[in-house]
Amino acid sequence: MSKINGGDSVLPVLIVGAGPVGLVLSILLTKLGVKCAVLEKNKALSKHPQAHFINNRSMEVFRKINGLADEIMRSQPPVEFWRKFIYCTSLTGPILSSVDQMQPQDFDRIVSPVSVAHFSQYKLTRLLIKQLENIGFRIGSEELSPDVVRLEEHEVLMGHECTSINTNDHGVTVTASFFREGKYMEKDFRCDFLIGTDGAGSTVRKLMAIDMSGEKDLQKLISVHFMSQDLGQYLINERPGMLFFIFNTEAIGVLVAHDLKQGEFVLQVPFYPPQQKLEDFSFKMCERLIFKLVGRELADIDVMDVKPWVMHAEVAESFLSCNNRIILAGDAAHRFPPAGGFGMNTGIQDAHNLAWKLASVINGISPPSILSTYEMERSQIANFNTALSLQNFKAAMAVPAALGLDPAIANAVHKTINNTVGSILPSELQRAFLDGIFSIGRAQLSDSLLNENNPLGSRRLAKLRQIFEEGKSLQLQFPAEDLGFRYHKGALVSDGDSLSSAPETPTGRRRDYIPSTDPGSRLPHTNIRLLSKLSSRELFSTLDLVSSDNVEFLLVIAPIEESYVLARAAFKVAEELKVPLKVSVMWPEQTIEGIIRSETALSPWKNIVDAVEVKRSPSSPSWWDLCRMTDRGAILVRPDEHIAWRAKSGTMNDPISELKKIFHVVLGLQSSYT
Ligand SMILES: Cc1cc2nc3c(=O)[nH]c(=O)nc-3n(C[C@H](O)[C@H](O)[C@H](O)COP(=O)(O)OP(=O)(O)OC[C@H]3O[C@@H](n4cnc5c(N)ncnc54)[C@H](O)[C@@H]3O)c2cc1C
């Protein structure tokens with residue numbers, strides 16, 4: 001294979017993998033002024049819909065990416081079409097249960113300025129590419145001639161697969177292989193930091209010999225992407241929903257309605273290789289399977305793609321390698337069952353955590369050791385979300401188990417066949433054996449058995465009702481984990497109160513988000529108006545006070561003298577450490593008439609925003625009540641909107657030396673607060 005010398009240019013950041021996580025990271029880094037480029041092995045981006053549930057926190061990240069959240073909200077199907085999970089014996093047959101996954105508070109925007117969304121991953125990827133083009137990225141590969149050896153910043157280089165990595169004290173060299181003019185060629189690219197966002201089978205992770213720990217190979221599935229407007233229209237009229245769990249004597253499957261109006265679906269069916277082969281799922285076979293699950297034929301069915309995949313619940317043992325120069329994010333660092341939609345969302349939040357830390361290293365604000373806090377913070381969340389997704393996946397399995405179709409038993413039978421008769425019986429016989437066992441299993445779903453007059457059937461139906469009544473089936477929404485996840489150790493300084501609250505264990509049930517200012521939590525949202533724009537009556541969120549265009553910290557205080565003293569000290573320390581700082585003064589709504597701008601109190605510093613809180617009603621809590629603090633407190637917020645430190649009272653003996661210690665810990669200049 002011929003190799004082209006990559007030249008002398010060194011990119012600050014090279015990202016391997018143009019999935020949603022790599023693309024979001026490249027946008028966030030570019031906004032923070034970091035030069036980066038992306039290598040993608042495929043020549044075109046995947047059109048398989050895959051993820052579809054975008055959680056609240058990811059939407060908050062997207063809200064700060066130039067209108068992206070608005071565009072998703074405008075383009076997604078109406079919520080009435082996707083708020084339910086439906087359990088039935090066929091799409092045209094009886095409904096066993098229908099579970100609404102949305103609650104009134106999910107729409108009222110009290111805890112967040114934006115809502116969750118249902119939007120296919122490939123459509124999101126398209127919007128991310130559009131965003132990158134708008135900020136000057138070039139996407140492509142074909143037009144480049146083989147002798148173009150430099151990888152420029154602001155480029156997504158398609159058709160280039162990372163195949164090897166070398167590191168030394170000065171940086172990283174990545175070798176990428178590509179196919180051009182009938183042969184494979186290789187090129188070397190140099191960078192200071194390499195980010196592996198190359199998905200669940202990550203080459204970067206394997207090249208760094210990083211193992212995964214957790215539960216492997218939970219279930220093998222076949223994903224069938226198909227279109228049918230006939231089915232979409234029927235479901236809109238009769239039983240709109242997002243997920244359809246279908247159990248009948250002929251077939252079993254989970255149908256994901258990606259877009260009912262467009263008639264776009266993905267069917268997930270269990271897959272048992274080697275007895276079953278991918279070739280068994282020809283487009284024609286898949287059509288027949290879909291008709292069995294629908295309960296009738298569809299005139300306009302169009303199968304687009306059939307893909308096998310394996311479900312794991314694993315987290316990488318390390319997210320960092322080679323002195324923090326090689327970093328994993330997204331599925332490369334963790335892979336969960338897609339139950340509760342945490343996979344892509346956790347990856348997007350990895351990118352959000354990593355972007356400001358990388359930018360502060362590249363801008364000379366922090367040493368590379370700050371990147372260790374990325375692993376501390378994100379591996380804690382990845383482990384928690386793995387456990388939560390696993391619990392939720394097990395809850396999903398409770399329904400077929402109640403119907404006499406325990407998937408754990410099916411998997412055990414399959415394993416037994418593989419381990420025993422697998423070596424002696426010819427494959428056709430093994431397959432017939434497996435089919436026979438599965439059709440006996442599905443016979444549990446026959447009308448003659450599953451009815452109230454049959455003692456076994458009525459017991460099973462009662463068990464099913466109990467699962468739904470107790471809310472023990474698969475859940476979509478986890479507000480306490482979505483908005484309420486909190487870092488316990490990392491780029492933050494805990495206080496006495498927050499130290500006591502150890503990480504909770506997941507319950508697998510929906511729990512409401514409770515606003516918190518414990519260090520490591522996301523800054524609570526409340527509506528505000530800006531004094532400088534008071535006449536426009538425009539509403540902002542407290543989250544908008546945090547800049548996404550530079551590595552800027554935010555100090556939130558009340559307009560009282562002792563807090564101004566603290567703010568002046570913070571400005572002084574930030575100036576010394578060359579870290580941008582903004583101070584936001586929160587004025588209570590009632591004092592709107594008497595506001596005197598904080599400029600004089602904080603002179604000569606200029607980066608000040610006077611904000612006026614806007615309560616939903618006179619009985620709503622004030623900002624400091626919401627934060628469970630008094631107005632003598634102060635909150636220091638990181639560029640990713642997580643709280644770095646708080647003071648319950650603004651009085652400090654020596655604010656300058658206290659704040660120096662705090663900034664030193666948060667910026668990674670010192671490992672602990674002493
Ligand atoms: C059926 C299903 C439903 C799901 N539903 C949800 C959901 O509702 N919500 C949710 O949050 N998550 C969901 N997920 C999970 C979600 O799809 C993944 O978490 C997400 O794709 C991870 O994004 P990523 O960017 O980390 O990796 P990927 O999307 O896998 O992207 C990795 C990219 O890297 C490229 N690449 C790989 N190797 C190399 C290499 N050596 N060199 C260069 N490029 C390389 C790949 O071609 C790919 O483009 C679901 C997953 C499945 C299977």
# chains A, B, ... in the order shown; residues from 1 in each chain; ligands from 1

call {"tool": "residues_near_ligand", "arguments": {"ligand": "ligand 1", "cutoff": "6 Å", "atoms": "only C-alpha atoms and all ligand atoms", "output": "JSON, numbers by chain"}}
result
{"A": [16, 17, 18, 19, 20, 21, 22, 39, 40, 41, 42, 50, 51, 52, 53, 54, 160, 161, 162, 163, 197, 198, 199, 200, 202, 203, 330, 331, 332, 338, 341, 342, 343, 344, 345, 347]}

call {"tool": "select_by_dssp", "arguments": {"residues": "region 6-83 of chain A", "states": "strand (DSSP E or B)", "output": "list of chain:residue names"}}
result
A:Val10, A:Leu11, A:Pro12, A:Val13, A:Leu14, A:Ile15, A:Val16, A:Cys36, A:Ala37, A:Val38, A:Leu39, A:Phe53, A:Ile54

call {"tool": "write_last_selection", "arguments": {"atoms": "N, CA and C atoms", "output": "short mmCIF file (atom, residue, chain, number, x, y, z; two decimals), in the first residue's frame"}}
result
data_model
loop_
_atom_site.label_atom_id
_atom_site.label_comp_id
_atom_site.auth_asym_id
_atom_site.auth_seq_id
_atom_site.Cartn_x
_atom_site.Cartn_y
_atom_site.Cartn_z
N VAL A 10 0.33 20.58 11.94
CA VAL A 10 -0.19 19.87 13.12
C VAL A 10 -1.52 20.51 13.50
N LEU A 11 -2.55 19.69 13.52
CA LEU A 11 -3.87 20.20 13.92
C LEU A 11 -3.98 20.17 15.44
N PRO A 12 -4.54 21.20 16.06
CA PRO A 12 -4.72 21.10 17.52
C PRO A 12 -5.58 19.89 17.90
N VAL A 13 -6.71 19.68 17.18
CA VAL A 13 -7.59 18.55 17.52
C VAL A 13 -8.02 17.83 16.25
N LEU A 14 -7.84 16.51 16.25
CA LEU A 14 -8.35 15.68 15.16
C LEU A 14 -9.39 14.73 15.75
N ILE A 15 -10.57 14.71 15.13
CA ILE A 15 -11.67 13.88 15.64
C ILE A 15 -11.84 12.70 14.67
N VAL A 16 -11.88 11.49 15.19
CA VAL A 16 -12.08 10.32 14.31
C VAL A 16 -13.52 9.85 14.47
N CYS A 36 -10.10 22.42 14.42
CA CYS A 36 -10.21 20.96 14.42
C CYS A 36 -10.67 20.46 13.05
N ALA A 37 -10.51 19.15 12.84
CA ALA A 37 -11.00 18.50 11.61
C ALA A 37 -11.48 17.12 11.99
N VAL A 38 -12.26 16.49 11.09
CA VAL A 38 -12.87 15.19 11.38
C VAL A 38 -12.50 14.21 10.27
N LEU A 39 -12.15 12.97 10.65
CA LEU A 39 -11.92 11.90 9.67
C LEU A 39 -13.09 10.94 9.76
N PHE A 53 -34.71 9.67 20.14
CA PHE A 53 -35.17 10.46 21.29
C PHE A 53 -34.04 11.38 21.74
N ILE A 54 -34.27 12.68 21.65
CA ILE A 54 -33.25 13.65 22.07
C ILE A 54 -33.70 14.19 23.42
#

call {"tool": "closest_residue", "arguments": {"among": "A:Asn411, A:Thr542, A:Ser494, A:Asn248", "to": "Ile662 (chain A)", "atoms": "only C-alpha atoms"}}
result
A:Ser494

call {"tool": "residues_around", "arguments": {"residues": "region 627-633 of chain A", "least_positions_apart": "2", "cutoff": "6 Å", "atoms": "only C-alpha atoms", "output": "MDAnalysis selection string"}}
result
chainID A and resid 516:517 558 624:625 647:650

call {"tool": "write_last_selection", "arguments": {"atoms": "N, CA and C atoms", "output": "tab-separated table (two decimals), in the first residue's frame"}}
result
chain	number	residue	atom	x	y	z
A	516	SER	N	-31.03	22.12	41.66
A	516	SER	CA	-30.01	22.05	42.71
A	516	SER	C	-28.82	22.90	42.30
A	517	THR	N	-28.18	23.50	43.30
A	517	THR	CA	-26.93	24.22	43.03
A	517	THR	C	-25.76	23.53	43.72
A	558	ALA	N	-26.22	38.34	44.05
A	558	ALA	CA	-27.35	39.24	44.30
A	558	ALA	C	-26.78	40.66	44.43
A	624	TRP	N	-33.27	32.67	44.37
A	624	TRP	CA	-32.44	32.11	45.44
A	624	TRP	C	-33.18	31.00	46.17
A	625	ASP	N	-34.53	31.09	46.24
A	625	ASP	CA	-35.30	29.98	46.85
A	625	ASP	C	-35.18	28.74	45.99
A	647	ALA	N	-21.06	29.71	47.15
A	647	ALA	CA	-20.87	30.19	48.52
A	647	ALA	C	-22.26	30.44	49.06
A	648	LYS	N	-22.54	29.86	50.20
A	648	LYS	CA	-23.87	30.08	50.79
A	648	LYS	C	-23.98	31.51	51.31
A	649	SER	N	-22.83	32.06	51.73
A	649	SER	CA	-22.85	33.44	52.20
A	649	SER	C	-21.71	34.18	51.53
A	650	GLY	N	-21.94	35.43	51.14
A	650	GLY	CA	-20.91	36.18	50.40
A	650	GLY	C	-19.74	36.63	51.26

call {"tool": "closest_residue", "arguments": {"among": "A:Lys463, A:Arg83, A:His334, A:His225", "to": "Gln101 (chain A)", "atoms": "only C-alpha atoms"}}
result
A:Arg83

call {"tool": "closest_residue", "arguments": {"among": "A:Pro337, A:Gly404, A:Gly214, A:Pro367", "to": "Asn383 (chain A)", "atoms": "only C-alpha atoms"}}
result
A:Gly214

call {"tool": "select_by_dssp", "arguments": {"residues": "region 34-259 of chain A", "states": "helix (DSSP H, G or I)", "output": "number ranges by chain"}}
result
A: 56-63, 68-75, 79-81, 104-106, 121-134, 203-207, 229-238

call {"tool": "residues_around", "arguments": {"residues": "region 70-72 of chain A", "least_positions_apart": "4", "cutoff": "8 Å", "atoms": "only C-alpha atoms", "output": "list of chain:residue names"}}
result
A:Arg63, A:Gln76, A:Ala117, A:Phe119, A:Leu124

call {"tool": "residues_around", "arguments": {"residues": "region 559-566 of chain A", "least_positions_apart": "2", "cutoff": "9 Å", "atoms": "only C-alpha atoms", "output": "PyMOL selection string"}}
result
chain A and resi 557+568-571+585-587+598+601-602+631-634+649-652+655-656+659

call {"tool": "write_last_selection", "arguments": {"atoms": "C-alpha atoms", "output": "mmCIF file, in the first residue's frame"}}
result
data_model
loop_
_atom_site.group_PDB
_atom_site.id
_atom_site.type_symbol
_atom_site.label_atom_id
_atom_site.label_comp_id
_atom_site.auth_asym_id
_atom_site.auth_seq_id
_atom_site.Cartn_x
_atom_site.Cartn_y
_atom_site.Cartn_z
ATOM 1 C CA ILE A 557 -24.616 37.148 42.702
ATOM 2 C CA ARG A 568 -14.506 42.314 42.479
ATOM 3 C CA ALA A 569 -12.159 39.734 43.993
ATOM 4 C CA ALA A 570 -13.274 37.164 41.395
ATOM 5 C CA PHE A 571 -12.564 39.598 38.540
ATOM 6 C CA VAL A 585 -26.311 40.316 39.116
ATOM 7 C CA MET A 586 -29.759 38.809 39.733
ATOM 8 C CA TRP A 587 -32.322 41.426 40.645
ATOM 9 C CA SER A 598 -24.011 47.256 38.811
ATOM 10 C CA ALA A 601 -20.298 48.909 42.086
ATOM 11 C CA LEU A 602 -18.028 46.660 40.015
ATOM 12 C CA ASP A 631 -29.368 36.149 48.464
ATOM 13 C CA ARG A 632 -26.099 36.349 50.387
ATOM 14 C CA GLY A 633 -24.828 33.483 48.260
ATOM 15 C CA ALA A 634 -22.901 33.286 44.994
ATOM 16 C CA SER A 649 -22.852 33.443 52.198
ATOM 17 C CA GLY A 650 -20.913 36.184 50.399
ATOM 18 C CA THR A 651 -18.767 36.999 53.427
ATOM 19 C CA MET A 652 -15.207 35.678 53.235
ATOM 20 C CA PRO A 655 -11.901 36.492 49.149
ATOM 21 C CA ILE A 656 -8.923 36.863 46.837
ATOM 22 C CA LEU A 659 -11.084 32.432 44.991
#

call {"tool": "residues_around", "arguments": {"residues": "Ala402 (chain A)", "least_positions_apart": "5", "cutoff": "12 Å", "atoms": "only C-alpha atoms", "output": "PyMOL selection string"}}
result
chain A and resi 247+395-397+407+444-445+450+456-468+472-473

call {"tool": "write_last_selection", "arguments": {"atoms": "N, CA, C and O atoms", "output": "PDB file, in the first residue's frame"}}
result
ATOM      1  N   PHE A 247     -46.761  -8.742  19.745  1.00  0.00           N
ATOM      2  CA  PHE A 247     -46.551 -10.156  20.085  1.00  0.00           C
ATOM      3  C   PHE A 247     -47.696 -10.947  19.459  1.00  0.00           C
ATOM      4  O   PHE A 247     -48.850 -10.763  19.853  1.00  0.00           O
ATOM      5  N   ALA A 395     -36.959  -3.938  32.291  1.00  0.00           N
ATOM      6  CA  ALA A 395     -38.387  -3.608  32.451  1.00  0.00           C
ATOM      7  C   ALA A 395     -39.114  -3.890  31.133  1.00  0.00           C
ATOM      8  O   ALA A 395     -40.250  -4.390  31.119  1.00  0.00           O
ATOM      9  N   ALA A 396     -38.444  -3.601  30.010  1.00  0.00           N
ATOM     10  CA  ALA A 396     -39.066  -3.853  28.700  1.00  0.00           C
ATOM     11  C   ALA A 396     -39.314  -5.346  28.530  1.00  0.00           C
ATOM     12  O   ALA A 396     -40.303  -5.764  27.930  1.00  0.00           O
ATOM     13  N   MET A 397     -38.413  -6.159  29.073  1.00  0.00           N
ATOM     14  CA  MET A 397     -38.536  -7.610  28.919  1.00  0.00           C
ATOM     15  C   MET A 397     -39.614  -8.203  29.824  1.00  0.00           C
ATOM     16  O   MET A 397     -40.040  -9.335  29.645  1.00  0.00           O
ATOM     17  N   PRO A 407     -37.675 -13.479  27.124  1.00  0.00           N
ATOM     18  CA  PRO A 407     -36.530 -13.447  26.196  1.00  0.00           C
ATOM     19  C   PRO A 407     -35.277 -14.056  26.821  1.00  0.00           C
ATOM     20  O   PRO A 407     -34.434 -14.602  26.111  1.00  0.00           O
ATOM     21  N   GLN A 444     -48.012 -19.438  22.886  1.00  0.00           N
ATOM     22  CA  GLN A 444     -48.549 -18.899  24.150  1.00  0.00           C
ATOM     23  C   GLN A 444     -49.460 -17.692  23.887  1.00  0.00           C
ATOM     24  O   GLN A 444     -50.222 -17.292  24.744  1.00  0.00           O
ATOM     25  N   LEU A 445     -49.294 -17.087  22.686  1.00  0.00           N
ATOM     26  CA  LEU A 445     -50.027 -15.855  22.405  1.00  0.00           C
ATOM     27  C   LEU A 445     -51.333 -16.118  21.650  1.00  0.00           C
ATOM     28  O   LEU A 445     -52.023 -15.178  21.262  1.00  0.00           O
ATOM     29  N   LEU A 450     -54.585 -16.948  25.366  1.00  0.00           N
ATOM     30  CA  LEU A 450     -54.493 -15.631  26.021  1.00  0.00           C
ATOM     31  C   LEU A 450     -55.870 -14.970  26.089  1.00  0.00           C
ATOM     32  O   LEU A 450     -56.169 -14.050  25.323  1.00  0.00           O
ATOM     33  N   LEU A 456     -54.778 -19.947  32.647  1.00  0.00           N
ATOM     34  CA  LEU A 456     -53.394 -19.484  32.475  1.00  0.00           C
ATOM     35  C   LEU A 456     -53.382 -18.116  31.798  1.00  0.00           C
ATOM     36  O   LEU A 456     -52.692 -17.184  32.216  1.00  0.00           O
ATOM     37  N   GLY A 457     -54.235 -18.000  30.745  1.00  0.00           N
ATOM     38  CA  GLY A 457     -54.323 -16.730  30.004  1.00  0.00           C
ATOM     39  C   GLY A 457     -54.760 -15.605  30.916  1.00  0.00           C
ATOM     40  O   GLY A 457     -54.197 -14.507  30.880  1.00  0.00           O
ATOM     41  N   SER A 458     -55.748 -15.852  31.767  1.00  0.00           N
ATOM     42  CA  SER A 458     -56.258 -14.757  32.606  1.00  0.00           C
ATOM     43  C   SER A 458     -55.218 -14.365  33.657  1.00  0.00           C
ATOM     44  O   SER A 458     -55.072 -13.200  33.998  1.00  0.00           O
ATOM     45  N   ARG A 459     -54.442 -15.372  34.155  1.00  0.00           N
ATOM     46  CA  ARG A 459     -53.364 -15.036  35.104  1.00  0.00           C
ATOM     47  C   ARG A 459     -52.317 -14.147  34.419  1.00  0.00           C
ATOM     48  O   ARG A 459     -51.838 -13.177  34.974  1.00  0.00           O
ATOM     49  N   ARG A 460     -52.006 -14.505  33.173  1.00  0.00           N
ATOM     50  CA  ARG A 460     -50.994 -13.718  32.448  1.00  0.00           C
ATOM     51  C   ARG A 460     -51.502 -12.297  32.160  1.00  0.00           C
ATOM     52  O   ARG A 460     -50.755 -11.325  32.290  1.00  0.00           O
ATOM     53  N   LEU A 461     -52.776 -12.191  31.796  1.00  0.00           N
ATOM     54  CA  LEU A 461     -53.329 -10.852  31.513  1.00  0.00           C
ATOM     55  C   LEU A 461     -53.348 -10.010  32.798  1.00  0.00           C
ATOM     56  O   LEU A 461     -53.095  -8.807  32.761  1.00  0.00           O
ATOM     57  N   ALA A 462     -53.630 -10.675  33.936  1.00  0.00           N
ATOM     58  CA  ALA A 462     -53.645  -9.941  35.217  1.00  0.00           C
ATOM     59  C   ALA A 462     -52.232  -9.436  35.547  1.00  0.00           C
ATOM     60  O   ALA A 462     -52.041  -8.303  35.994  1.00  0.00           O
ATOM     61  N   LYS A 463     -51.229 -10.279  35.296  1.00  0.00           N
ATOM     62  CA  LYS A 463     -49.829  -9.903  35.570  1.00  0.00           C
ATOM     63  C   LYS A 463     -49.440  -8.696  34.694  1.00  0.00           C
ATOM     64  O   LYS A 463     -48.790  -7.751  35.144  1.00  0.00           O
ATOM     65  N   LEU A 464     -49.929  -8.767  33.445  1.00  0.00           N
ATOM     66  CA  LEU A 464     -49.641  -7.681  32.498  1.00  0.00           C
ATOM     67  C   LEU A 464     -50.241  -6.362  32.999  1.00  0.00           C
ATOM     68  O   LEU A 464     -49.577  -5.323  33.016  1.00  0.00           O
ATOM     69  N   ARG A 465     -51.506  -6.431  33.456  1.00  0.00           N
ATOM     70  CA  ARG A 465     -52.175  -5.220  33.968  1.00  0.00           C
ATOM     71  C   ARG A 465     -51.397  -4.656  35.144  1.00  0.00           C
ATOM     72  O   ARG A 465     -51.204  -3.453  35.259  1.00  0.00           O
ATOM     73  N   GLN A 466     -50.918  -5.566  36.001  1.00  0.00           N
ATOM     74  CA  GLN A 466     -50.165  -5.126  37.194  1.00  0.00           C
ATOM     75  C   GLN A 466     -48.886  -4.377  36.779  1.00  0.00           C
ATOM     76  O   GLN A 466     -48.569  -3.328  37.338  1.00  0.00           O
ATOM     77  N   ILE A 467     -48.186  -4.903  35.779  1.00  0.00           N
ATOM     78  CA  ILE A 467     -46.938  -4.254  35.314  1.00  0.00           C
ATOM     79  C   ILE A 467     -47.242  -2.821  34.874  1.00  0.00           C
ATOM     80  O   ILE A 467     -46.549  -1.872  35.241  1.00  0.00           O
ATOM     81  N   PHE A 468     -48.325  -2.671  34.096  1.00  0.00           N
ATOM     82  CA  PHE A 468     -48.633  -1.326  33.581  1.00  0.00           C
ATOM     83  C   PHE A 468     -49.150  -0.413  34.691  1.00  0.00           C
ATOM     84  O   PHE A 468     -48.776   0.748  34.760  1.00  0.00           O
ATOM     85  N   LYS A 472     -44.212  -0.355  35.718  1.00  0.00           N
ATOM     86  CA  LYS A 472     -42.967  -1.132  35.696  1.00  0.00           C
ATOM     87  C   LYS A 472     -42.574  -1.571  34.290  1.00  0.00           C
ATOM     88  O   LYS A 472     -41.755  -2.472  34.125  1.00  0.00           O
ATOM     89  N   SER A 473     -43.191  -0.949  33.278  1.00  0.00           N
ATOM     90  CA  SER A 473     -42.788  -1.292  31.904  1.00  0.00           C
ATOM     91  C   SER A 473     -41.721  -0.292  31.454  1.00  0.00           C
ATOM     92  O   SER A 473     -41.320   0.593  32.217  1.00  0.00           O
TER      93      SER A 473
END

call {"tool": "residues_around", "arguments": {"residues": "Asn353 (chain A)", "least_positions_apart": "2", "cutoff": "9 Å", "atoms": "only C-alpha atoms", "output": "PDB file with N, CA, C and O atoms, in the first residue's frame"}}
result
ATOM      1  N   ILE A 348     -23.431  13.162  23.522  1.00  0.00           N
ATOM      2  CA  ILE A 348     -23.496  14.609  23.249  1.00  0.00           C
ATOM      3  C   ILE A 348     -23.048  15.374  24.491  1.00  0.00           C
ATOM      4  O   ILE A 348     -22.320  16.365  24.420  1.00  0.00           O
ATOM      5  N   GLN A 349     -23.438  14.859  25.647  1.00  0.00           N
ATOM      6  CA  GLN A 349     -23.033  15.532  26.885  1.00  0.00           C
ATOM      7  C   GLN A 349     -21.557  15.290  27.217  1.00  0.00           C
ATOM      8  O   GLN A 349     -20.922  16.129  27.851  1.00  0.00           O
ATOM      9  N   ASP A 350     -20.986  14.174  26.719  1.00  0.00           N
ATOM     10  CA  ASP A 350     -19.519  13.996  26.815  1.00  0.00           C
ATOM     11  C   ASP A 350     -18.853  15.141  26.042  1.00  0.00           C
ATOM     12  O   ASP A 350     -17.901  15.767  26.531  1.00  0.00           O
ATOM     13  N   ALA A 351     -19.346  15.368  24.819  1.00  0.00           N
ATOM     14  CA  ALA A 351     -18.736  16.391  23.955  1.00  0.00           C
ATOM     15  C   ALA A 351     -18.822  17.766  24.614  1.00  0.00           C
ATOM     16  O   ALA A 351     -17.878  18.558  24.571  1.00  0.00           O
ATOM     17  N   ALA A 355     -15.446  19.836  25.459  1.00  0.00           N
ATOM     18  CA  ALA A 355     -15.090  20.951  24.568  1.00  0.00           C
ATOM     19  C   ALA A 355     -14.412  22.088  25.329  1.00  0.00           C
ATOM     20  O   ALA A 355     -13.343  22.556  24.936  1.00  0.00           O
ATOM     21  N   TRP A 356     -14.983  22.542  26.447  1.00  0.00           N
ATOM     22  CA  TRP A 356     -14.390  23.715  27.127  1.00  0.00           C
ATOM     23  C   TRP A 356     -13.067  23.360  27.779  1.00  0.00           C
ATOM     24  O   TRP A 356     -12.170  24.207  27.878  1.00  0.00           O
ATOM     25  N   LYS A 357     -12.922  22.078  28.189  1.00  0.00           N
ATOM     26  CA  LYS A 357     -11.664  21.684  28.832  1.00  0.00           C
ATOM     27  C   LYS A 357     -10.537  21.641  27.798  1.00  0.00           C
ATOM     28  O   LYS A 357      -9.434  22.135  28.039  1.00  0.00           O
ATOM     29  N   TYR A 374     -12.329  15.218  32.873  1.00  0.00           N
ATOM     30  CA  TYR A 374     -13.311  14.735  31.880  1.00  0.00           C
ATOM     31  C   TYR A 374     -13.629  13.271  32.187  1.00  0.00           C
ATOM     32  O   TYR A 374     -14.789  12.875  32.268  1.00  0.00           O
ATOM     33  N   GLU A 377     -15.538  12.823  35.588  1.00  0.00           N
ATOM     34  CA  GLU A 377     -16.939  13.257  35.569  1.00  0.00           C
ATOM     35  C   GLU A 377     -17.777  12.373  34.639  1.00  0.00           C
ATOM     36  O   GLU A 377     -18.849  11.908  34.998  1.00  0.00           O
ATOM     37  N   ARG A 378     -17.268  12.129  33.438  1.00  0.00           N
ATOM     38  CA  ARG A 378     -18.112  11.451  32.453  1.00  0.00           C
ATOM     39  C   ARG A 378     -18.184   9.943  32.671  1.00  0.00           C
ATOM     40  O   ARG A 378     -19.184   9.320  32.325  1.00  0.00           O
ATOM     41  N   PRO A 639     -18.084  26.857  31.863  1.00  0.00           N
ATOM     42  CA  PRO A 639     -18.581  27.104  30.505  1.00  0.00           C
ATOM     43  C   PRO A 639     -19.568  26.040  30.003  1.00  0.00           C
ATOM     44  O   PRO A 639     -20.257  26.258  29.015  1.00  0.00           O
ATOM     45  N   ASP A 640     -19.650  24.859  30.682  1.00  0.00           N
ATOM     46  CA  ASP A 640     -20.652  23.865  30.257  1.00  0.00           C
ATOM     47  C   ASP A 640     -21.919  23.961  31.118  1.00  0.00           C
ATOM     48  O   ASP A 640     -22.721  23.021  31.141  1.00  0.00           O
TER      49      ASP A 640
END

call {"tool": "closest_residue", "arguments": {"among": "A:Arg529, A:Arg597, A:Arg638, A:Lys216", "to": "Lys582 (chain A)", "atoms": "only C-alpha atoms"}}
result
A:Arg638

call {"tool": "atom_distance", "arguments": {"atom1": "CA of Ala491 (chain A)", "atom2": "CA of Asn324 (chain A)"}}
result
15.5 Å

call {"tool": "atom_distance", "arguments": {"atom1": "CA of Lys64 (chain A)", "atom2": "CA of Ala44 (chain A)"}}
result
26.9 Å
